[in-house]
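Shown next, in structure tokens, is the structure this report addresses.
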Amino acid sequence: MEECIFCKIAKKEIKADIVFENENFISFLDKSPIFKGHTLLIPKNHIETLFDFPEGYLKELAVETKRIANGVKKGIGCDGILLINNNIISQSVPHFHVHIIPREKGKLLRGFMWPRTKYKDGNEEEEFREKIAKAIEIFK
Ligand code: DGP
């Protein structure tokens, strides 16, 4: 069976703009962001949904979600953060992931998880990756 795309990112078999990783979790920019800096946090193990998450692992999930949210907020200087986690319905990648999405006052979401934006060609995506990764390191 074809291996899950997020497992391949966790194993560095395919490239992603990684902002943080530790033993159990890895976090990287969403390739199709709602707003620039939209970041995903995943467990390195293949856990499909919240319902499959081992209980003993949930505190770490909350702690790492807060760490990445803090990094996105401080790194790009947005006003707030939207957290979304789709389980089964609207879940296009069957490997558990938390969406950590920067929000700015007055910049409205037009629909649920759309429209998506694009980074400019060149260095823009790397600039966002670097700002968030640095802030995670500074504010850990
Ligand atoms: P969801 O629809 O909640 O399952 O969100 C899956 C997200 O994953 C979606 O916003 C796009 C993102 N995504 C899918 N494939 C890749 C990939 O190969 N690399 C990265 N960086 N993001 C991906």
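Residues are referred to by chain and number: the chain letter is A, B, ... according to the order shown in the structure tokens, the number counts from 1 in that chain, and ligands are numbered separately from 1 in the order shown.
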
Need the shell around A:Asp79: protein/DNA/RNA residues with any atom at most 8 Å away, counting only C-alpha atoms. Skip same-chain ones fewer than 5 positions apart. Format as a ChimeraX atom specification? /A:73,102-105

Please identify the residues whose atoms come within 7 Å of ligand 1, using only C-alpha atoms and all ligand atoms, and report them as a PyMOL selection string. chain A and resi 5-6+16-17+28-33+85-86+90-94

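Omitting stretch 19-24 of chain A and its sequence neighbours fewer than 2 positions away, and counting only C-alpha atoms, the residues within 8 Å are Asp17, Ile26, Ser27, Phe28, Leu29, Pro43, Lys44, Asn45, Ile68, Arg129, Glu130, Ile132, Ala133 and Ile136 of chain A.
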
How about saving the chosen residues, N, CA, C and O atoms kept, as a PDB file, in the first residue's frame?
```
ATOM      1  N   ASP A  17       8.620  22.351   4.622  1.00  0.00           N
ATOM      2  CA  ASP A  17       9.251  23.490   5.301  1.00  0.00           C
ATOM      3  C   ASP A  17       9.054  23.315   6.798  1.00  0.00           C
ATOM      4  O   ASP A  17       8.082  23.813   7.383  1.00  0.00           O
ATOM      5  N   ILE A  26       6.258  16.596  14.623  1.00  0.00           N
ATOM      6  CA  ILE A  26       6.954  17.430  13.635  1.00  0.00           C
ATOM      7  C   ILE A  26       5.938  18.451  13.106  1.00  0.00           C
ATOM      8  O   ILE A  26       4.738  18.157  13.019  1.00  0.00           O
ATOM      9  N   SER A  27       6.425  19.646  12.812  1.00  0.00           N
ATOM     10  CA  SER A  27       5.553  20.743  12.404  1.00  0.00           C
ATOM     11  C   SER A  27       6.155  21.418  11.174  1.00  0.00           C
ATOM     12  O   SER A  27       7.362  21.665  11.111  1.00  0.00           O
ATOM     13  N   PHE A  28       5.290  21.710  10.183  1.00  0.00           N
ATOM     14  CA  PHE A  28       5.774  22.257   8.910  1.00  0.00           C
ATOM     15  C   PHE A  28       4.680  23.120   8.279  1.00  0.00           C
ATOM     16  O   PHE A  28       3.493  23.018   8.639  1.00  0.00           O
ATOM     17  N   LEU A  29       5.083  23.970   7.330  1.00  0.00           N
ATOM     18  CA  LEU A  29       4.115  24.848   6.671  1.00  0.00           C
ATOM     19  C   LEU A  29       3.162  24.031   5.795  1.00  0.00           C
ATOM     20  O   LEU A  29       3.596  23.111   5.091  1.00  0.00           O
ATOM     21  N   PRO A  43       1.758  14.086  14.717  1.00  0.00           N
ATOM     22  CA  PRO A  43       2.586  13.103  15.428  1.00  0.00           C
ATOM     23  C   PRO A  43       3.438  12.375  14.387  1.00  0.00           C
ATOM     24  O   PRO A  43       2.995  12.168  13.262  1.00  0.00           O
ATOM     25  N   LYS A  44       4.662  11.989  14.756  1.00  0.00           N
ATOM     26  CA  LYS A  44       5.506  11.275  13.786  1.00  0.00           C
ATOM     27  C   LYS A  44       4.938   9.878  13.499  1.00  0.00           C
ATOM     28  O   LYS A  44       5.057   9.373  12.405  1.00  0.00           O
ATOM     29  N   ASN A  45       4.335   9.264  14.510  1.00  0.00           N
ATOM     30  CA  ASN A  45       3.705   7.955  14.291  1.00  0.00           C
ATOM     31  C   ASN A  45       2.431   8.115  13.481  1.00  0.00           C
ATOM     32  O   ASN A  45       1.746   9.130  13.592  1.00  0.00           O
ATOM     33  N   ILE A  68       3.724  25.604  19.009  1.00  0.00           N
ATOM     34  CA  ILE A  68       3.736  26.018  17.596  1.00  0.00           C
ATOM     35  C   ILE A  68       2.865  27.267  17.410  1.00  0.00           C
ATOM     36  O   ILE A  68       3.241  28.206  16.689  1.00  0.00           O
ATOM     37  N   ARG A 129       8.930  30.242   7.058  1.00  0.00           N
ATOM     38  CA  ARG A 129       9.423  29.080   7.811  1.00  0.00           C
ATOM     39  C   ARG A 129      10.443  29.511   8.869  1.00  0.00           C
ATOM     40  O   ARG A 129      10.374  29.131  10.034  1.00  0.00           O
ATOM     41  N   GLU A 130      11.366  30.387   8.426  1.00  0.00           N
ATOM     42  CA  GLU A 130      12.459  30.793   9.306  1.00  0.00           C
ATOM     43  C   GLU A 130      11.955  31.625  10.496  1.00  0.00           C
ATOM     44  O   GLU A 130      12.380  31.411  11.631  1.00  0.00           O
ATOM     45  N   ILE A 132       9.016  31.546  11.936  1.00  0.00           N
ATOM     46  CA  ILE A 132       8.284  30.710  12.887  1.00  0.00           C
ATOM     47  C   ILE A 132       9.255  29.794  13.640  1.00  0.00           C
ATOM     48  O   ILE A 132       9.190  29.673  14.871  1.00  0.00           O
ATOM     49  N   ALA A 133      10.195  29.188  12.907  1.00  0.00           N
ATOM     50  CA  ALA A 133      11.164  28.283  13.552  1.00  0.00           C
ATOM     51  C   ALA A 133      11.988  29.035  14.602  1.00  0.00           C
ATOM     52  O   ALA A 133      12.222  28.526  15.704  1.00  0.00           O
ATOM     53  N   ILE A 136       9.860  29.765  17.709  1.00  0.00           N
ATOM     54  CA  ILE A 136       9.652  28.551  18.512  1.00  0.00           C
ATOM     55  C   ILE A 136      10.882  28.321  19.393  1.00  0.00           C
ATOM     56  O   ILE A 136      10.778  27.981  20.572  1.00  0.00           O
TER      57      ILE A 136
END
```

I need the helix (DSSP H, G or I) residues of stretch 35-111 of chain A per DSSP on the backbone, written as a compact mmCIF listing (two decimals) with all heavy atoms, in the first residue's frame.
```
# COMPACT_ATOMS: atom_id res chain seq x y z
N LEU A 50 -8.19 11.82 15.99
CA LEU A 50 -8.18 12.06 17.43
C LEU A 50 -8.61 10.80 18.19
O LEU A 50 -8.10 10.51 19.27
CB LEU A 50 -9.12 13.22 17.75
CG LEU A 50 -9.18 13.66 19.20
CD1 LEU A 50 -7.85 14.25 19.65
CD2 LEU A 50 -10.28 14.70 19.41
N PHE A 51 -9.53 10.06 17.60
CA PHE A 51 -10.09 8.88 18.27
C PHE A 51 -9.06 7.76 18.42
O PHE A 51 -9.23 6.86 19.23
CB PHE A 51 -11.33 8.38 17.51
CG PHE A 51 -12.27 9.50 17.20
CD1 PHE A 51 -12.43 9.95 15.89
CD2 PHE A 51 -12.95 10.15 18.21
CE1 PHE A 51 -13.27 11.02 15.62
CE2 PHE A 51 -13.79 11.22 17.93
CZ PHE A 51 -13.95 11.66 16.64
N ASP A 52 -8.00 7.82 17.61
CA ASP A 52 -6.94 6.80 17.67
C ASP A 52 -5.79 7.21 18.58
O ASP A 52 -4.85 6.45 18.77
CB ASP A 52 -6.37 6.55 16.26
CG ASP A 52 -7.45 6.23 15.26
OD1 ASP A 52 -8.28 5.36 15.56
OD2 ASP A 52 -7.49 6.88 14.19
N GLU A 55 -4.18 7.89 25.01
CA GLU A 55 -4.48 8.86 26.08
C GLU A 55 -3.22 9.53 26.63
O GLU A 55 -3.18 10.73 26.83
CB GLU A 55 -5.18 8.16 27.25
CG GLU A 55 -6.54 7.59 26.91
CD GLU A 55 -7.63 8.64 26.97
OE1 GLU A 55 -7.71 9.35 27.98
OE2 GLU A 55 -8.40 8.73 25.98
N GLY A 56 -2.19 8.72 26.84
CA GLY A 56 -0.97 9.21 27.48
C GLY A 56 -0.21 10.23 26.65
O GLY A 56 0.74 10.85 27.12
N TYR A 57 -0.63 10.39 25.42
CA TYR A 57 0.04 11.21 24.43
C TYR A 57 -0.65 12.57 24.28
O TYR A 57 -0.17 13.47 23.60
CB TYR A 57 -0.11 10.43 23.14
CG TYR A 57 0.98 10.43 22.13
CD1 TYR A 57 2.31 10.71 22.44
CD2 TYR A 57 0.66 10.09 20.81
CE1 TYR A 57 3.27 10.67 21.45
CE2 TYR A 57 1.61 10.04 19.83
CZ TYR A 57 2.91 10.33 20.15
OH TYR A 57 3.85 10.30 19.16
N LEU A 58 -1.84 12.70 24.89
CA LEU A 58 -2.67 13.87 24.63
C LEU A 58 -2.13 15.15 25.28
O LEU A 58 -2.26 16.24 24.72
CB LEU A 58 -4.11 13.61 25.09
CG LEU A 58 -4.88 12.66 24.17
CD1 LEU A 58 -6.20 12.26 24.82
CD2 LEU A 58 -5.15 13.29 22.81
N LYS A 59 -1.51 15.00 26.43
CA LYS A 59 -0.96 16.19 27.09
C LYS A 59 0.16 16.76 26.21
O LYS A 59 0.25 17.97 26.00
CB LYS A 59 -0.44 15.86 28.49
CG LYS A 59 0.05 17.11 29.18
CD LYS A 59 0.50 16.89 30.59
CE LYS A 59 1.12 18.20 31.09
NZ LYS A 59 2.11 17.97 32.10
N GLU A 60 0.99 15.87 25.70
CA GLU A 60 2.09 16.31 24.83
C GLU A 60 1.54 16.99 23.57
O GLU A 60 2.10 17.99 23.10
CB GLU A 60 2.95 15.09 24.46
CG GLU A 60 4.34 15.47 23.99
CD GLU A 60 5.18 14.27 23.59
OE1 GLU A 60 4.89 13.13 24.05
OE2 GLU A 60 6.12 14.48 22.82
N LEU A 61 0.45 16.48 23.06
CA LEU A 61 -0.17 17.11 21.88
C LEU A 61 -0.58 18.55 22.20
O LEU A 61 -0.33 19.47 21.42
CB LEU A 61 -1.40 16.30 21.44
CG LEU A 61 -2.29 16.95 20.37
CD1 LEU A 61 -1.54 17.10 19.05
CD2 LEU A 61 -3.56 16.12 20.16
N ALA A 62 -1.20 18.74 23.36
CA ALA A 62 -1.64 20.09 23.76
C ALA A 62 -0.44 21.01 23.96
O ALA A 62 -0.44 22.17 23.51
CB ALA A 62 -2.48 20.01 25.04
N VAL A 63 0.59 20.49 24.60
CA VAL A 63 1.80 21.30 24.86
C VAL A 63 2.45 21.70 23.54
O VAL A 63 2.83 22.87 23.33
CB VAL A 63 2.79 20.52 25.75
CG1 VAL A 63 4.14 21.21 25.81
CG2 VAL A 63 2.21 20.35 27.16
N GLU A 64 2.57 20.76 22.61
CA GLU A 64 3.23 21.06 21.32
C GLU A 64 2.36 21.99 20.46
O GLU A 64 2.87 22.85 19.75
CB GLU A 64 3.59 19.77 20.57
CG GLU A 64 4.59 18.89 21.30
CD GLU A 64 5.81 19.63 21.85
OE1 GLU A 64 6.23 20.64 21.28
OE2 GLU A 64 6.34 19.19 22.89
N THR A 65 1.04 21.84 20.56
CA THR A 65 0.15 22.74 19.82
C THR A 65 0.36 24.17 20.31
O THR A 65 0.48 25.12 19.51
CB THR A 65 -1.33 22.32 20.00
OG1 THR A 65 -1.49 20.99 19.52
CG2 THR A 65 -2.28 23.25 19.25
N LYS A 66 0.43 24.34 21.64
CA LYS A 66 0.64 25.67 22.19
C LYS A 66 2.01 26.22 21.76
O LYS A 66 2.13 27.39 21.40
CB LYS A 66 0.56 25.61 23.72
CG LYS A 66 0.74 26.97 24.36
CD LYS A 66 0.67 26.90 25.87
CE LYS A 66 1.05 28.25 26.46
NZ LYS A 66 1.20 28.18 27.92
N ARG A 67 3.02 25.37 21.75
CA ARG A 67 4.37 25.81 21.36
C ARG A 67 4.35 26.36 19.91
O ARG A 67 4.88 27.42 19.62
CB ARG A 67 5.34 24.63 21.44
CG ARG A 67 6.79 25.02 21.11
CD ARG A 67 7.64 23.84 20.70
NE ARG A 67 7.66 22.75 21.66
CZ ARG A 67 8.43 22.71 22.75
NH1 ARG A 67 9.23 23.71 23.02
NH2 ARG A 67 8.38 21.68 23.56
N ILE A 68 3.72 25.60 19.01
CA ILE A 68 3.74 26.02 17.60
C ILE A 68 2.86 27.27 17.41
O ILE A 68 3.24 28.21 16.69
CB ILE A 68 3.25 24.88 16.67
CG1 ILE A 68 4.06 23.59 16.90
CG2 ILE A 68 3.32 25.32 15.21
CD1 ILE A 68 5.57 23.71 16.80
N ALA A 69 1.70 27.30 18.08
CA ALA A 69 0.83 28.48 17.98
C ALA A 69 1.57 29.74 18.44
O ALA A 69 1.50 30.81 17.81
CB ALA A 69 -0.44 28.26 18.81
N ASN A 70 2.29 29.59 19.53
CA ASN A 70 3.09 30.70 20.06
C ASN A 70 4.16 31.13 19.04
O ASN A 70 4.38 32.33 18.81
CB ASN A 70 3.73 30.22 21.37
CG ASN A 70 4.24 31.34 22.22
OD1 ASN A 70 3.61 32.38 22.30
ND2 ASN A 70 5.38 31.13 22.85
N GLY A 71 4.79 30.14 18.41
CA GLY A 71 5.82 30.45 17.41
C GLY A 71 5.25 31.15 16.19
O GLY A 71 5.84 32.10 15.67
N VAL A 72 4.08 30.70 15.73
CA VAL A 72 3.45 31.35 14.56
C VAL A 72 3.08 32.78 14.93
O VAL A 72 3.38 33.74 14.20
CB VAL A 72 2.20 30.56 14.09
CG1 VAL A 72 1.44 31.35 13.03
CG2 VAL A 72 2.60 29.19 13.55
N LYS A 73 2.47 32.96 16.10
CA LYS A 73 2.02 34.30 16.51
C LYS A 73 3.20 35.26 16.66
O LYS A 73 3.22 36.36 16.11
CB LYS A 73 1.22 34.22 17.82
CG LYS A 73 0.60 35.54 18.22
CD LYS A 73 -0.40 35.36 19.35
CE LYS A 73 -1.06 36.67 19.72
NZ LYS A 73 -0.12 37.72 20.05
N LYS A 74 4.20 34.82 17.39
CA LYS A 74 5.35 35.70 17.63
C LYS A 74 6.21 35.83 16.37
O LYS A 74 6.77 36.89 16.09
CB LYS A 74 6.20 35.15 18.77
CG LYS A 74 5.41 35.06 20.09
CD LYS A 74 6.20 35.67 21.23
CE LYS A 74 5.38 35.91 22.47
NZ LYS A 74 4.90 34.71 23.14
N GLY A 75 6.34 34.74 15.62
CA GLY A 75 7.22 34.73 14.45
C GLY A 75 6.75 35.67 13.36
O GLY A 75 7.55 36.37 12.74
N ILE A 76 5.44 35.68 13.10
CA ILE A 76 4.99 36.54 12.00
C ILE A 76 4.20 37.74 12.52
O ILE A 76 3.78 38.58 11.73
CB ILE A 76 4.19 35.77 10.93
CG1 ILE A 76 2.88 35.22 11.47
CG2 ILE A 76 5.02 34.61 10.38
CD1 ILE A 76 2.06 34.55 10.39
```

Per-residue DSSP, stretch 32-133 of chain A, filtered to strand (DSSP E), as a short mmCIF file (atom, residue, chain, number, x, y, z; two decimals) with C-alpha atoms, in the first residue's frame:
```
data_model
loop_
_atom_site.label_atom_id
_atom_site.label_comp_id
_atom_site.auth_asym_id
_atom_site.auth_seq_id
_atom_site.Cartn_x
_atom_site.Cartn_y
_atom_site.Cartn_z
CA THR A 39 1.35 25.51 9.87
CA LEU A 40 0.54 21.86 10.54
CA LEU A 41 1.51 19.84 13.61
CA ILE A 42 1.52 16.05 13.31
CA PRO A 43 2.59 13.10 15.43
CA GLY A 80 -4.47 35.70 16.79
CA ILE A 81 -4.48 32.01 15.94
CA LEU A 82 -7.18 29.68 14.62
CA LEU A 83 -6.83 25.99 15.50
CA ILE A 84 -8.63 23.41 13.36
CA VAL A 98 -3.66 20.26 13.79
CA HIS A 99 -3.96 23.32 11.55
CA ILE A 100 -2.38 26.35 13.24
CA ILE A 101 -3.56 29.33 11.22
CA PRO A 102 -2.52 32.97 11.71
CA ARG A 103 -5.39 35.49 11.92
#
```

For A:Gly106, the nearest of the candidates A:Ala10, A:Ile138, A:Cys78, A:Ile88, counting only C-alpha atoms: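 The shortest atom-to-atom distance to A:Gly106 comes from A:Cys78.
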